[in-house]
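This is protein.cif. It holds mmCIF, C-alpha atoms and all ligand atoms.
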data_work
loop_
_atom_site.label_atom_id
_atom_site.label_comp_id
_atom_site.auth_asym_id
_atom_site.auth_seq_id
_atom_site.Cartn_x
_atom_site.Cartn_y
_atom_site.Cartn_z
CA MET P 1 68.28 -19.28 -92.46
CA PRO P 2 69.15 -18.36 -88.86
CA ILE P 3 68.87 -21.02 -86.19
CA GLU P 4 65.33 -21.64 -85.01
CA PHE P 5 64.71 -22.26 -81.32
CA LYS P 6 61.71 -24.58 -81.46
CA ARG P 7 59.44 -25.25 -78.51
CA THR P 8 58.15 -28.75 -77.93
CA TRP P 9 54.96 -27.57 -76.22
CA SER P 10 53.60 -25.06 -78.72
CA ASP P 11 50.97 -25.52 -81.42
CA SER P 12 49.14 -23.36 -83.97
CA THR P 13 46.57 -22.10 -81.45
CA LEU P 14 49.33 -21.02 -79.08
CA GLU P 15 51.23 -19.39 -81.91
CA SER P 16 48.11 -17.32 -82.78
CA PHE P 17 47.93 -16.39 -79.12
CA ARG P 18 51.62 -15.44 -79.34
CA ASP P 19 50.79 -13.11 -82.27
CA SER P 20 48.23 -11.28 -80.15
CA VAL P 21 50.73 -11.04 -77.25
CA VAL P 22 53.34 -9.57 -79.63
CA ARG P 23 50.79 -7.04 -80.93
CA PHE P 24 50.02 -5.96 -77.36
CA ILE P 25 53.71 -5.68 -76.43
CA GLU P 26 54.65 -3.76 -79.56
CA SER P 27 51.75 -1.33 -79.28
CA GLU P 28 51.34 -0.93 -75.51
CA VAL P 29 54.58 -1.86 -73.71
CA GLN P 30 57.50 -1.10 -76.01
CA PRO P 31 56.59 2.51 -76.91
CA GLY P 32 56.39 3.49 -73.22
CA ASP P 33 59.55 1.68 -72.11
CA GLU P 34 61.93 4.66 -72.25
CA GLU P 35 59.60 6.76 -70.14
CA ALA P 36 59.02 3.85 -67.73
CA ARG P 37 62.79 3.44 -67.33
CA ARG P 38 63.11 7.11 -66.42
CA ARG P 39 60.15 6.98 -64.02
CA GLY P 40 60.96 3.60 -62.48
CA HIS P 41 57.56 2.04 -63.18
CA VAL P 42 55.28 1.22 -66.12
CA GLY P 43 52.14 2.86 -64.69
CA HIS P 44 48.70 1.33 -64.17
CA GLN P 45 47.34 1.85 -67.66
CA VAL P 46 49.42 -0.89 -69.28
CA TRP P 47 48.28 -3.39 -66.64
CA ARG P 48 44.64 -2.50 -67.25
CA GLU P 49 45.12 -2.77 -71.01
CA ALA P 50 46.70 -6.23 -70.58
CA GLY P 51 43.75 -7.19 -68.39
CA LYS P 52 41.26 -5.97 -70.97
CA LEU P 53 42.90 -8.16 -73.61
CA GLY P 54 42.85 -11.24 -71.36
CA LEU P 55 46.65 -11.30 -71.00
CA LEU P 56 46.78 -11.36 -67.19
CA CYS P 57 46.20 -14.52 -65.16
CA THR P 58 45.96 -16.56 -68.34
CA ASP P 59 46.31 -19.84 -66.43
CA ILE P 60 43.66 -19.01 -63.84
CA PRO P 61 40.23 -20.67 -64.37
CA GLU P 62 37.53 -18.59 -66.04
CA GLU P 63 35.23 -18.93 -63.02
CA TYR P 64 37.71 -16.66 -61.17
CA GLY P 65 38.04 -14.18 -64.01
CA GLY P 66 41.17 -15.73 -65.57
CA ALA P 67 41.56 -16.80 -69.18
CA GLY P 68 41.25 -20.53 -68.41
CA GLY P 69 44.50 -21.43 -70.15
CA ASP P 70 47.56 -23.18 -68.74
CA PHE P 71 51.24 -22.57 -68.09
CA ARG P 72 51.99 -22.45 -71.84
CA HIS P 73 49.97 -19.22 -72.15
CA GLU P 74 51.94 -17.71 -69.30
CA ALA P 75 55.20 -18.90 -70.87
CA VAL P 76 54.33 -17.19 -74.17
CA ILE P 77 53.86 -13.82 -72.41
CA HIS P 78 57.02 -14.18 -70.27
CA GLU P 79 59.00 -15.16 -73.36
CA GLU P 80 57.85 -12.33 -75.60
CA LEU P 81 58.58 -9.69 -72.96
CA ALA P 82 61.97 -11.18 -72.04
CA ARG P 83 63.20 -11.69 -75.60
CA ARG P 84 62.70 -7.95 -76.18
CA GLY P 85 64.40 -7.06 -72.90
CA LEU P 86 61.16 -5.52 -71.59
CA THR P 87 61.36 -6.17 -67.87
CA GLY P 88 59.28 -3.29 -66.50
CA MET P 89 55.97 -5.09 -66.13
CA ASN P 90 56.57 -7.88 -63.65
CA ASN P 91 53.81 -10.13 -64.86
CA ALA P 92 55.68 -13.07 -63.32
CA VAL P 93 55.18 -11.84 -59.75
CA HIS P 94 51.58 -10.87 -60.59
CA SER P 95 50.89 -14.45 -61.76
CA ILE P 96 52.67 -15.91 -58.73
CA VAL P 97 50.38 -13.88 -56.46
CA ALA P 98 47.34 -15.17 -58.37
CA HIS P 99 48.62 -18.73 -57.92
CA TYR P 100 49.01 -18.36 -54.17
CA LEU P 101 45.38 -17.35 -54.08
CA LEU P 102 44.27 -20.11 -56.42
CA SER P 103 46.21 -22.84 -54.59
CA HIS P 104 45.68 -21.75 -51.00
CA GLY P 105 42.99 -19.06 -50.80
CA THR P 106 39.53 -19.59 -49.35
CA GLU P 107 36.68 -19.55 -51.86
CA GLU P 108 35.79 -15.99 -50.76
CA GLN P 109 39.40 -14.84 -51.19
CA LYS P 110 39.61 -16.33 -54.69
CA LYS P 111 36.30 -14.75 -55.74
CA HIS P 112 37.24 -11.41 -54.25
CA TYR P 113 40.78 -11.01 -55.57
CA LEU P 114 41.39 -13.15 -58.65
CA PRO P 115 39.01 -11.32 -61.02
CA ARG P 116 40.55 -8.00 -59.96
CA LEU P 117 44.07 -9.31 -60.59
CA ALA P 118 42.95 -10.66 -63.97
CA SER P 119 41.47 -7.31 -65.02
CA GLY P 120 44.57 -5.37 -63.96
CA GLU P 121 42.53 -3.39 -61.43
CA LEU P 122 44.95 -4.72 -58.81
CA VAL P 123 48.65 -5.26 -59.43
CA GLY P 124 49.99 -8.07 -57.25
CA ALA P 125 53.16 -8.20 -55.14
CA ILE P 126 54.61 -10.68 -52.66
CA ALA P 127 56.57 -9.27 -49.74
CA MET P 128 58.95 -11.69 -48.04
CA THR P 129 62.36 -10.02 -47.96
CA GLU P 130 63.27 -7.56 -45.22
CA PRO P 131 66.28 -5.32 -44.71
CA GLY P 132 67.68 -7.84 -42.20
CA THR P 133 66.84 -11.10 -43.95
CA GLY P 134 66.33 -12.58 -47.40
CA SER P 135 67.52 -16.15 -47.90
CA ASP P 136 66.85 -17.02 -44.28
CA LEU P 137 63.13 -16.39 -44.41
CA LYS P 138 62.50 -17.72 -40.92
CA GLY P 139 64.39 -14.67 -39.64
CA ILE P 140 61.71 -12.16 -40.71
CA ARG P 141 60.59 -9.66 -38.08
CA THR P 142 57.40 -8.25 -39.58
CA ARG P 143 54.68 -9.34 -37.20
CA ALA P 144 50.90 -9.49 -37.40
CA GLU P 145 49.45 -9.34 -33.88
CA ARG P 146 45.97 -10.84 -33.55
CA HIS P 147 43.55 -8.50 -31.76
CA ALA P 148 39.85 -9.08 -31.02
CA ASP P 149 38.59 -8.15 -34.48
CA HIS P 150 41.65 -7.61 -36.68
CA TYR P 151 45.39 -8.10 -37.09
CA VAL P 152 47.85 -5.26 -36.56
CA ILE P 153 50.90 -5.46 -38.81
CA ASN P 154 54.22 -3.79 -38.01
CA GLY P 155 57.47 -4.12 -39.92
CA SER P 156 59.18 -3.33 -43.20
CA LYS P 157 59.97 -5.12 -46.43
CA THR P 158 62.48 -4.37 -49.13
CA PHE P 159 63.24 -5.26 -52.78
CA ILE P 160 59.53 -5.84 -53.45
CA SER P 161 58.78 -6.23 -57.16
CA ASN P 162 55.68 -4.29 -58.30
CA GLY P 163 55.88 -2.61 -54.88
CA PHE P 164 55.07 0.89 -56.10
CA LEU P 165 52.06 -0.06 -58.19
CA ALA P 166 50.76 -2.94 -56.07
CA GLY P 167 47.11 -2.82 -55.03
CA LEU P 168 47.36 -6.22 -53.35
CA VAL P 169 50.44 -7.25 -51.36
CA LEU P 170 50.81 -10.74 -49.94
CA VAL P 171 52.76 -9.97 -46.78
CA VAL P 172 54.71 -12.77 -45.14
CA CYS P 173 54.51 -12.17 -41.37
CA LYS P 174 55.16 -13.79 -38.05
CA THR P 175 51.88 -14.68 -36.33
CA GLY P 176 51.00 -16.40 -33.07
CA GLY P 177 53.50 -17.78 -30.60
CA ALA P 178 55.02 -20.65 -32.60
CA GLU P 179 58.70 -20.52 -33.52
CA GLY P 180 60.17 -20.97 -37.00
CA SER P 181 58.08 -21.94 -40.00
CA ARG P 182 54.96 -22.81 -37.97
CA GLY P 183 54.75 -19.21 -36.81
CA MET P 184 54.49 -17.71 -40.29
CA SER P 185 51.42 -16.62 -42.23
CA ILE P 186 50.67 -14.76 -45.44
CA LEU P 187 48.34 -11.79 -45.02
CA LEU P 188 46.38 -10.28 -47.89
CA VAL P 189 46.85 -6.53 -47.74
CA GLU P 190 44.86 -4.28 -50.03
CA THR P 191 46.88 -1.10 -50.16
CA GLU P 192 44.64 1.68 -51.47
CA GLY P 193 44.05 4.31 -48.79
CA LEU P 194 45.31 1.93 -46.10
CA ALA P 195 46.28 3.76 -42.92
CA GLY P 196 49.85 3.05 -41.75
CA TYR P 197 50.94 1.59 -45.08
CA ARG P 198 53.69 3.43 -46.90
CA VAL P 199 55.64 2.74 -50.06
CA GLY P 200 59.22 3.92 -49.77
CA ARG P 201 61.66 4.58 -52.54
CA VAL P 202 61.48 2.94 -55.93
CA LEU P 203 64.95 1.46 -55.59
CA ASP P 204 67.75 2.47 -57.95
CA LYS P 205 68.87 -0.84 -59.49
CA MET P 206 71.70 -1.69 -61.89
CA GLY P 207 69.14 -3.18 -64.29
CA MET P 208 65.39 -3.62 -64.73
CA LYS P 209 65.12 0.14 -64.68
CA ALA P 210 61.46 0.22 -65.71
CA GLN P 211 60.42 -2.11 -62.88
CA ASP P 212 59.15 -0.74 -59.59
CA THR P 213 61.15 -2.58 -56.95
CA SER P 214 60.32 -0.84 -53.67
CA GLU P 215 60.51 -0.69 -49.92
CA LEU P 216 57.22 -1.15 -48.03
CA PHE P 217 56.50 0.01 -44.49
CA PHE P 218 53.76 -1.21 -42.15
CA ASP P 219 53.07 0.96 -39.14
CA ASN P 220 50.10 -0.41 -37.15
CA VAL P 221 48.35 -1.50 -40.35
CA THR P 222 45.08 -3.25 -39.54
CA VAL P 223 43.55 -6.02 -41.62
CA PRO P 224 40.53 -8.21 -40.80
CA HIS P 225 41.01 -11.78 -39.54
CA ASP P 226 39.75 -13.27 -42.77
CA HIS P 227 42.71 -11.76 -44.64
CA VAL P 228 45.00 -14.63 -43.69
CA LEU P 229 45.67 -16.58 -46.88
CA GLY P 230 43.66 -19.79 -46.63
CA GLY P 231 41.92 -18.57 -43.46
CA GLN P 232 44.27 -20.38 -41.08
CA GLU P 233 47.36 -19.01 -39.30
CA GLY P 234 50.74 -20.72 -39.42
CA GLN P 235 50.48 -22.00 -43.00
CA GLY P 236 52.74 -19.37 -44.59
CA MET P 237 55.92 -21.39 -45.02
CA TYR P 238 54.04 -24.42 -46.31
CA GLN P 239 52.17 -22.25 -48.83
CA LEU P 240 55.40 -20.62 -50.01
CA MET P 241 57.12 -24.01 -50.46
CA GLN P 242 54.25 -25.45 -52.48
CA ASP P 243 54.49 -22.84 -55.21
CA LEU P 244 58.28 -22.81 -55.65
CA PRO P 245 58.34 -24.89 -58.87
CA TYR P 246 55.99 -22.41 -60.55
CA GLU P 247 58.12 -19.38 -59.61
CA ARG P 248 61.44 -20.97 -60.44
CA LEU P 249 60.31 -22.27 -63.79
CA ILE P 250 59.22 -18.76 -64.78
CA ILE P 251 62.81 -17.60 -64.15
CA GLY P 252 64.03 -20.43 -66.39
CA VAL P 253 61.52 -19.51 -69.11
CA THR P 254 62.49 -15.82 -69.10
CA GLY P 255 66.19 -16.68 -69.00
CA VAL P 256 66.07 -18.83 -72.12
CA ALA P 257 63.88 -16.31 -73.96
CA MET P 258 66.23 -13.45 -73.14
CA MET P 259 69.19 -15.48 -74.42
CA GLU P 260 67.29 -16.18 -77.64
CA GLY P 261 66.39 -12.52 -78.09
CA GLY P 262 69.94 -11.38 -77.35
CA PHE P 263 71.35 -13.98 -79.74
CA GLU P 264 69.10 -12.91 -82.61
CA ALA P 265 69.88 -9.21 -82.09
CA THR P 266 73.60 -10.01 -81.99
CA LEU P 267 73.48 -12.15 -85.12
CA GLN P 268 71.98 -9.22 -86.98
CA TYR P 269 74.53 -6.79 -85.57
CA VAL P 270 77.63 -8.83 -86.41
CA ASN P 271 76.36 -9.30 -89.94
CA GLU P 272 76.13 -5.54 -90.44
CA ARG P 273 79.14 -4.21 -88.54
CA LYS P 274 82.54 -4.29 -90.25
CA ALA P 275 86.17 -4.20 -89.05
CA PHE P 276 89.42 -4.82 -90.96
CA GLY P 277 87.44 -4.91 -94.19
CA GLN P 278 85.16 -7.76 -93.21
CA ARG P 279 82.00 -8.36 -91.26
CA ILE P 280 82.40 -9.02 -87.52
CA ALA P 281 80.41 -12.18 -88.28
CA ASP P 282 83.25 -13.48 -90.46
CA PHE P 283 85.96 -13.57 -87.81
CA GLN P 284 86.56 -17.11 -86.65
CA ASN P 285 86.24 -15.98 -83.03
CA THR P 286 82.73 -14.61 -83.69
CA ARG P 287 81.65 -17.75 -85.55
CA PHE P 288 82.93 -20.02 -82.79
CA LYS P 289 81.38 -17.91 -80.03
CA LEU P 290 78.03 -17.92 -81.78
CA ALA P 291 78.27 -21.67 -82.34
CA GLU P 292 78.95 -22.24 -78.64
CA ILE P 293 76.18 -19.87 -77.57
CA ALA P 294 73.60 -21.33 -79.96
CA THR P 295 74.39 -24.76 -78.51
CA GLN P 296 73.98 -23.56 -74.93
CA ILE P 297 70.66 -21.94 -75.77
CA ARG P 298 69.42 -25.15 -77.42
CA VAL P 299 70.40 -27.15 -74.33
CA GLY P 300 68.64 -24.63 -72.06
CA ARG P 301 65.56 -24.64 -74.27
CA ALA P 302 65.38 -28.45 -74.20
CA PHE P 303 65.58 -28.54 -70.39
CA VAL P 304 63.09 -25.72 -69.87
CA ASP P 305 60.68 -27.25 -72.39
CA GLN P 306 60.86 -30.53 -70.49
CA CYS P 307 60.11 -28.66 -67.25
CA ILE P 308 57.15 -26.95 -68.94
CA GLU P 309 55.80 -30.36 -70.00
CA GLU P 310 56.21 -31.59 -66.42
CA MET P 311 54.49 -28.47 -65.09
CA LEU P 312 51.55 -29.18 -67.41
CA GLU P 313 51.41 -32.78 -66.18
CA GLY P 314 51.66 -31.62 -62.55
CA THR P 315 54.91 -33.54 -61.97
CA LEU P 316 57.50 -30.74 -61.81
CA ASP P 317 59.27 -31.05 -58.46
CA THR P 318 61.08 -28.29 -56.56
CA ALA P 319 64.57 -29.72 -57.10
CA THR P 320 64.15 -29.93 -60.89
CA ALA P 321 62.65 -26.43 -61.06
CA SER P 322 65.58 -25.21 -58.93
CA MET P 323 68.00 -26.83 -61.39
CA ALA P 324 66.29 -24.96 -64.23
CA LYS P 325 66.41 -21.67 -62.31
CA MET P 326 70.08 -22.11 -61.41
CA TRP P 327 71.44 -23.50 -64.66
CA VAL P 328 69.53 -21.16 -66.93
CA SER P 329 70.33 -18.01 -64.94
CA ASP P 330 74.03 -18.90 -64.70
CA THR P 331 74.13 -19.65 -68.42
CA GLN P 332 72.11 -16.54 -69.23
CA ASN P 333 74.67 -14.35 -67.45
CA ARG P 334 77.60 -15.98 -69.28
CA VAL P 335 75.88 -15.93 -72.64
CA LEU P 336 74.80 -12.29 -72.44
CA ASP P 337 78.31 -11.28 -71.40
CA GLU P 338 79.78 -13.05 -74.44
CA LEU P 339 77.12 -11.67 -76.78
CA LEU P 340 77.71 -8.14 -75.47
CA GLN P 341 81.43 -8.47 -76.22
CA LEU P 342 80.62 -8.91 -79.92
CA TRP P 343 78.99 -5.45 -79.98
CA GLY P 344 82.21 -3.73 -78.89
CA GLY P 345 81.59 -0.31 -77.28
CA TYR P 346 77.99 -0.25 -78.49
CA GLY P 347 77.32 -3.21 -76.23
CA TYR P 348 78.02 -0.99 -73.23
CA MET P 349 75.48 1.65 -74.27
CA ASN P 350 72.07 1.47 -72.63
CA GLU P 351 70.35 2.43 -75.86
CA TYR P 352 71.15 -1.04 -77.22
CA PRO P 353 69.05 -3.93 -75.98
CA ILE P 354 72.08 -6.14 -75.32
CA ALA P 355 73.36 -3.73 -72.64
CA ARG P 356 69.98 -3.73 -70.92
CA MET P 357 69.68 -7.49 -71.10
CA TYR P 358 73.15 -7.91 -69.61
CA ALA P 359 72.23 -5.70 -66.64
CA ASP P 360 68.75 -7.19 -66.28
CA ALA P 361 70.06 -10.76 -66.31
CA ARG P 362 72.23 -10.33 -63.23
CA VAL P 363 69.37 -10.48 -60.75
CA GLN P 364 68.12 -13.79 -62.12
CA ARG P 365 70.88 -15.46 -60.05
CA ILE P 366 69.75 -13.60 -56.92
CA TYR P 367 65.95 -13.43 -56.67
CA GLY P 368 63.55 -16.36 -56.46
CA GLY P 369 66.08 -17.85 -54.02
CA THR P 370 69.77 -17.25 -54.75
CA ASN P 371 71.62 -19.82 -56.84
CA GLU P 372 73.52 -20.87 -53.71
CA ILE P 373 70.17 -21.68 -52.08
CA MET P 374 69.20 -23.58 -55.27
CA LYS P 375 72.29 -25.77 -54.76
CA GLU P 376 71.20 -26.45 -51.17
CA VAL P 377 67.73 -27.46 -52.37
CA ILE P 378 69.08 -29.69 -55.13
CA ALA P 379 71.69 -31.26 -52.83
CA ARG P 380 69.02 -32.01 -50.21
CA SER P 381 66.96 -33.87 -52.81
CA LEU P 382 69.96 -36.12 -53.53
CA ALA P 383 70.49 -37.19 -49.95
C1 LIG P 401 65.33 -6.82 -58.36
C2 LIG P 401 64.92 -7.66 -57.18
C3 LIG P 401 63.59 -8.03 -57.05
C4 LIG P 401 63.18 -8.74 -55.93
N1 LIG P 401 61.84 -9.03 -55.77
C5 LIG P 401 61.42 -9.55 -54.59
C6 LIG P 401 60.03 -9.68 -54.32
O1 LIG P 401 59.18 -9.37 -55.16
N2 LIG P 401 59.66 -10.13 -53.09
C7 LIG P 401 60.56 -10.49 -52.13
O2 LIG P 401 60.16 -10.89 -51.06
N3 LIG P 401 61.89 -10.40 -52.37
C8 LIG P 401 62.34 -9.92 -53.57
N4 LIG P 401 63.69 -9.79 -53.81
C9 LIG P 401 64.63 -10.20 -52.78
C10 LIG P 401 65.41 -11.45 -53.13
O3 LIG P 401 64.57 -12.58 -53.15
C11 LIG P 401 66.56 -11.55 -52.12
O4 LIG P 401 67.47 -10.49 -52.41
C12 LIG P 401 67.25 -12.89 -52.15
O5 LIG P 401 66.40 -13.89 -51.67
C13 LIG P 401 68.54 -12.89 -51.32
O6 LIG P 401 68.33 -12.38 -50.05
P1 LIG P 401 69.32 -11.23 -49.49
O7 LIG P 401 69.37 -10.16 -50.50
O8 LIG P 401 68.88 -10.89 -48.13
O9 LIG P 401 70.74 -11.93 -49.46
P2 LIG P 401 71.34 -12.82 -48.24
O10 LIG P 401 70.34 -13.81 -47.83
O11 LIG P 401 71.88 -11.89 -47.23
O12 LIG P 401 72.53 -13.54 -48.99
C14 LIG P 401 73.81 -12.95 -49.22
C15 LIG P 401 74.70 -14.00 -49.88
O13 LIG P 401 74.86 -15.12 -48.99
C16 LIG P 401 74.49 -16.31 -49.64
N5 LIG P 401 73.87 -17.25 -48.73
C17 LIG P 401 72.82 -17.03 -47.88
N6 LIG P 401 72.50 -18.17 -47.26
C18 LIG P 401 73.34 -19.13 -47.71
C19 LIG P 401 73.50 -20.53 -47.47
N7 LIG P 401 72.69 -21.18 -46.62
N8 LIG P 401 74.47 -21.20 -48.12
C20 LIG P 401 75.29 -20.55 -48.97
N9 LIG P 401 75.17 -19.24 -49.27
C21 LIG P 401 74.21 -18.54 -48.66
C22 LIG P 401 73.50 -15.87 -50.71
O14 LIG P 401 73.39 -16.84 -51.76
C23 LIG P 401 74.11 -14.56 -51.18
O15 LIG P 401 75.12 -14.84 -52.09
C24 LIG P 401 64.13 -9.13 -54.95
C25 LIG P 401 65.47 -8.79 -55.10
C26 LIG P 401 65.87 -8.04 -56.19
C27 LIG P 401 67.31 -7.63 -56.29
#
Rewrite the structure of this file - the entire thing - as C-alpha cells.
Amino acid sequence: MPIEFKRTWSDSTLESFRDSVVRFIESEVQPGDEEARRRGHVGHQVWREAGKLGLLCTDIPEEYGGAGGDFRHEAVIHEELARRGLTGMNNAVHSIVAHYLLSHGTEEQKKHYLPRLASGELVGAIAMTEPGTGSDLKGIRTRAERHADHYVINGSKTFISNGFLAGLVLVVCKTGGAEGSRGMSILLVETEGLAGYRVGRVLDKMGMKAQDTSELFFDNVTVPHDHVLGGQEGQGMYQLMQDLPYERLIIGVTGVAMMEGGFEATLQYVNERKAFGQRIADFQNTRFKLAEIATQIRVGRAFVDQCIEEMLEGTLDTATASMAKMWVSDTQNRVLDELLQLWGGYGYMNEYPIARMYADARVQRIYGGTNEIMKEVIARSLA
C-alpha cells in the first residue's frame, strides 16, 4: 500500500467534486496538452468547457455567477492539475482576478465581470510586472492619465500569465499626482477589439510550455472612469496587499500537489525499472531518498492544510501564507530534483512528467513575489 497523503479539510462531498474535476481534466485538458505545449497556450475552448461545468470561480458566490463554494473547491482543482503536471491553464491567476473583483470591485463591476469570468467567456490576467521592475512594484511606469471622460493608458507589461488569451486584464498603473503606493490604481481593461492594446510574444520559457505568459503593450488605450477597481483612484497597492494570502497559498497548494504527483509517478517507475539485476526501488539509496521525500511531502501537506483551514476561517495572515509559499516552493524544487535523479536519463526527457514538473517548479520560487521578498515579509512580521 503506497503512502497516502491525506488532507485534513476534505470530506465525501469534496471527494465527489474531485472525481468530476478529474473527469474534466482527463477528458478536456490532458489530451490537448501536447498541442498546447507546442502552441504556447491552451486555447479558449477548454476555459469555456470548464466554465460550463462550474469549475471556474468555484469560491465566488452564486449571485455573481460563481459556484458558491469555498477555497477547498479551488484547492481541489489546483491540486488535480498540478499533480499531473498540467500547468497550461492558469486557473490560479483567473481565480485571483475574480477575487480582486469580489473583494474590491463596485457592485456594478462585480455584476459585469464575475459571471463572465465564471463562464470562461473572459480569461483573467493581472498585469503588474514591467520590463524595468518586478519586485519593486512602486517603480512601475505604466500610467493612466485622467482626461475629461476617460483614462488614457500608456506603458508595457511583461511575464503576464494568461496574457495571450486574456479578455480581462487588471492593469496596475500609476494614477494622479501622488508618489509611491498612494499613486497606484488597478484598471479593468477589457481587451477585445481595444484600440492601442497589443499582445506581444508568448514568451519562450524553460517550463510551463503550455501556458501563455506574454508581453502586453498599451499605446493610448482609453478606458472609462468607472473602470478603476473599486471606483476610487489610489487604492491599487492596498488592494494588492489585501489579497496576498490567497495568491501565496495557491502556490503552496500547487507545490505540495506537484510533489505528491511526482512522488507517485517515481514510485511506480523505480518499481518497474531494473539495474544490476534488481529493481531501482531496491537500492538502499532509492529507499532512503524516497523515505526522506515522503517525509518532506507530509510536512508540507500538514502546513498547507493548516493554512487552508485558516483561509477558510478567515485568519490566514500574509506572513504565514508567505512562509507556505517560500517553504513549499523551495522544498518542491529540491524534491523534484531528487525524484528526477531516480529516473536516470529518462528523467531528462520532456516526454516524462517528472522532467516537465522539474522545469515547471522552478518559477514557483520567482513569481507571486520572489522567495527573497517572502523572507523580507516574514522578517518584518517578526519585528
Ligand atoms: C512564468 C512567470 C509568470 C508570471 N506571471 C506574472 C503575472 O501574471 N503578472 C505579473 O504581474 N507578473 C508575473 N510574473 C512576474 C514575476 O512576478 C516577477 O518576475 C517577480 O516578481 C520578480 O520580479 P523581476 O523578474 O523583475 O525580478 P527582480 O525584481 O529584478 O529581482 C531580481 C532578483 O533580485 C532579488 N531581489 C529583488 N529585491 C530584493 C530585495 N529587496 N531583497 C533581496 N533580494 C531582492 C529577487 O529576489 C531576484 O532574485 C511572472 C513571472 C514568470 C517567470
Once you count all atoms listed in the file, what closest atom pair and distance in Å to one decimal does each residue of range 85-105 of chain P within 10 Å of range 153-168 of chain P have, with rows by chain and rising residue number, as CSV?
residue,atom,partner,partner_atom,distance
P:Gly88,CA,P:Asn162,CA,9.0
P:Met89,CA,P:Asn162,CA,7.9
P:Asn90,CA,P:Asn162,CA,6.5
P:Asn91,CA,P:Asn162,CA,9.0
P:Ala92,CA,P:Ser161,CA,9.7
P:Val93,CA,P:Ser161,CA,7.2
P:His94,CA,P:Asn162,CA,8.1
P:Val97,CA,P:Leu168,CA,8.8
Okay, now the selection with C-alpha atoms, as an mmCIF file, in the frame of the given file?
data_model
loop_
_atom_site.group_PDB
_atom_site.id
_atom_site.type_symbol
_atom_site.label_atom_id
_atom_site.label_comp_id
_atom_site.auth_asym_id
_atom_site.auth_seq_id
_atom_site.Cartn_x
_atom_site.Cartn_y
_atom_site.Cartn_z
ATOM 1 C CA GLY P 88 59.280 -3.290 -66.500
ATOM 2 C CA MET P 89 55.970 -5.090 -66.130
ATOM 3 C CA ASN P 90 56.570 -7.880 -63.650
ATOM 4 C CA ASN P 91 53.810 -10.130 -64.860
ATOM 5 C CA ALA P 92 55.680 -13.070 -63.320
ATOM 6 C CA VAL P 93 55.180 -11.840 -59.750
ATOM 7 C CA HIS P 94 51.580 -10.870 -60.590
ATOM 8 C CA VAL P 97 50.380 -13.880 -56.460
#
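Near Arg141 in chain P, within 12 Å and counting all atoms listed in the file, sit Met128, Thr129, Glu130, Pro131, Gly132, Thr133, Gly134, Asp136, Ile153, Asn154, Gly155, Ser156, Lys157, Val171, Val172, Cys173, Lys174, Thr175, Glu179, Gly180, Gly183, Met184 and Phe218 of chain P; same-chain residues fewer than 5 positions away were not included.
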Store the residues of this selection in a file with C-alpha atoms, as a PDB file, in the coordinates of the input.
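result-v4.pdb, written as the output of this step:
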ATOM      1  CA  MET P 128      58.950 -11.690 -48.040  1.00  0.00           C
ATOM      2  CA  THR P 129      62.360 -10.020 -47.960  1.00  0.00           C
ATOM      3  CA  GLU P 130      63.270  -7.560 -45.220  1.00  0.00           C
ATOM      4  CA  PRO P 131      66.280  -5.320 -44.710  1.00  0.00           C
ATOM      5  CA  GLY P 132      67.680  -7.840 -42.200  1.00  0.00           C
ATOM      6  CA  THR P 133      66.840 -11.100 -43.950  1.00  0.00           C
ATOM      7  CA  GLY P 134      66.330 -12.580 -47.400  1.00  0.00           C
ATOM      8  CA  ASP P 136      66.850 -17.020 -44.280  1.00  0.00           C
ATOM      9  CA  ILE P 153      50.900  -5.460 -38.810  1.00  0.00           C
ATOM     10  CA  ASN P 154      54.220  -3.790 -38.010  1.00  0.00           C
ATOM     11  CA  GLY P 155      57.470  -4.120 -39.920  1.00  0.00           C
ATOM     12  CA  SER P 156      59.180  -3.330 -43.200  1.00  0.00           C
ATOM     13  CA  LYS P 157      59.970  -5.120 -46.430  1.00  0.00           C
ATOM     14  CA  VAL P 171      52.760  -9.970 -46.780  1.00  0.00           C
ATOM     15  CA  VAL P 172      54.710 -12.770 -45.140  1.00  0.00           C
ATOM     16  CA  CYS P 173      54.510 -12.170 -41.370  1.00  0.00           C
ATOM     17  CA  LYS P 174      55.160 -13.790 -38.050  1.00  0.00           C
ATOM     18  CA  THR P 175      51.880 -14.680 -36.330  1.00  0.00           C
ATOM     19  CA  GLU P 179      58.700 -20.520 -33.520  1.00  0.00           C
ATOM     20  CA  GLY P 180      60.170 -20.970 -37.000  1.00  0.00           C
ATOM     21  CA  GLY P 183      54.750 -19.210 -36.810  1.00  0.00           C
ATOM     22  CA  MET P 184      54.490 -17.710 -40.290  1.00  0.00           C
ATOM     23  CA  PHE P 218      53.760  -1.210 -42.150  1.00  0.00           C
TER      24      PHE P 218
END
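Here CA of Ser20 in chain P is placed at a distance of 21.8 Å from CA of Ala265 in chain P.
Across the structure, CA of Asp305 in chain P and CA of Phe263 in chain P are spaced 18.5 Å apart.
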If the box runs along x, y and z of the file and leaves 4 Å on each side of ligand LIG 401 (chain P), what are its centre and edge lengths in Å, one decimal, as AutoDock Vina command-line options?
--center_x 67.2 --center_y -14.0 --center_z -52.5 --size_x 24.1 --size_y 22.4 --size_z 19.7
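The space separating CA of Leu240 in chain P from CA of Glu192 in chain P comes to 24.8 Å.
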Closest of P:Leu102, P:Val270, P:Val202, P:Met357 to Gly230 in chain P - atom-to-atom distances counting all atoms listed in the file: P:Leu102
Selection: 7 Å around range 311-319 of chain P, all atoms listed in the file, excl. self and same-chain fewer than 6 positions, as a PyMOL selection string: chain P and resi 71+244-245+377-378+381
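Each of P:Lys110, P:His99, P:Lys209, P:Arg23 was compared to His41 in chain P using all atoms listed in the file, and P:Lys209 turns out to be the nearest.
The protein and nucleic acid residues lying at most 12 Å from Leu194 in chain P are P:Ile153, P:Gly167, P:Leu168, P:Val169, P:Val189, P:Glu190, P:Thr191, P:Glu192, P:Gly196, P:Tyr197, P:Arg198, P:Val199, P:Phe217, P:Phe218, P:Asp219, P:Asn220, P:Val221, P:Thr222, P:Val223, with all atoms listed in the file considered and sequence neighbours fewer than 2 positions away removed.
Comparing P:Ser95, P:Asn271, P:Thr213, P:Ser329 by their smallest distance to Cys57 in chain P, the closest is P:Ser95 (using only C-alpha atoms).
Comparing the minimum interatomic distances between ligand LIG 401 (chain P) and each of P:Ala321, P:Leu340, P:Ala257, P:Ala359, counting only C-alpha atoms and all ligand atoms, we find that P:Ala359 sits nearest.
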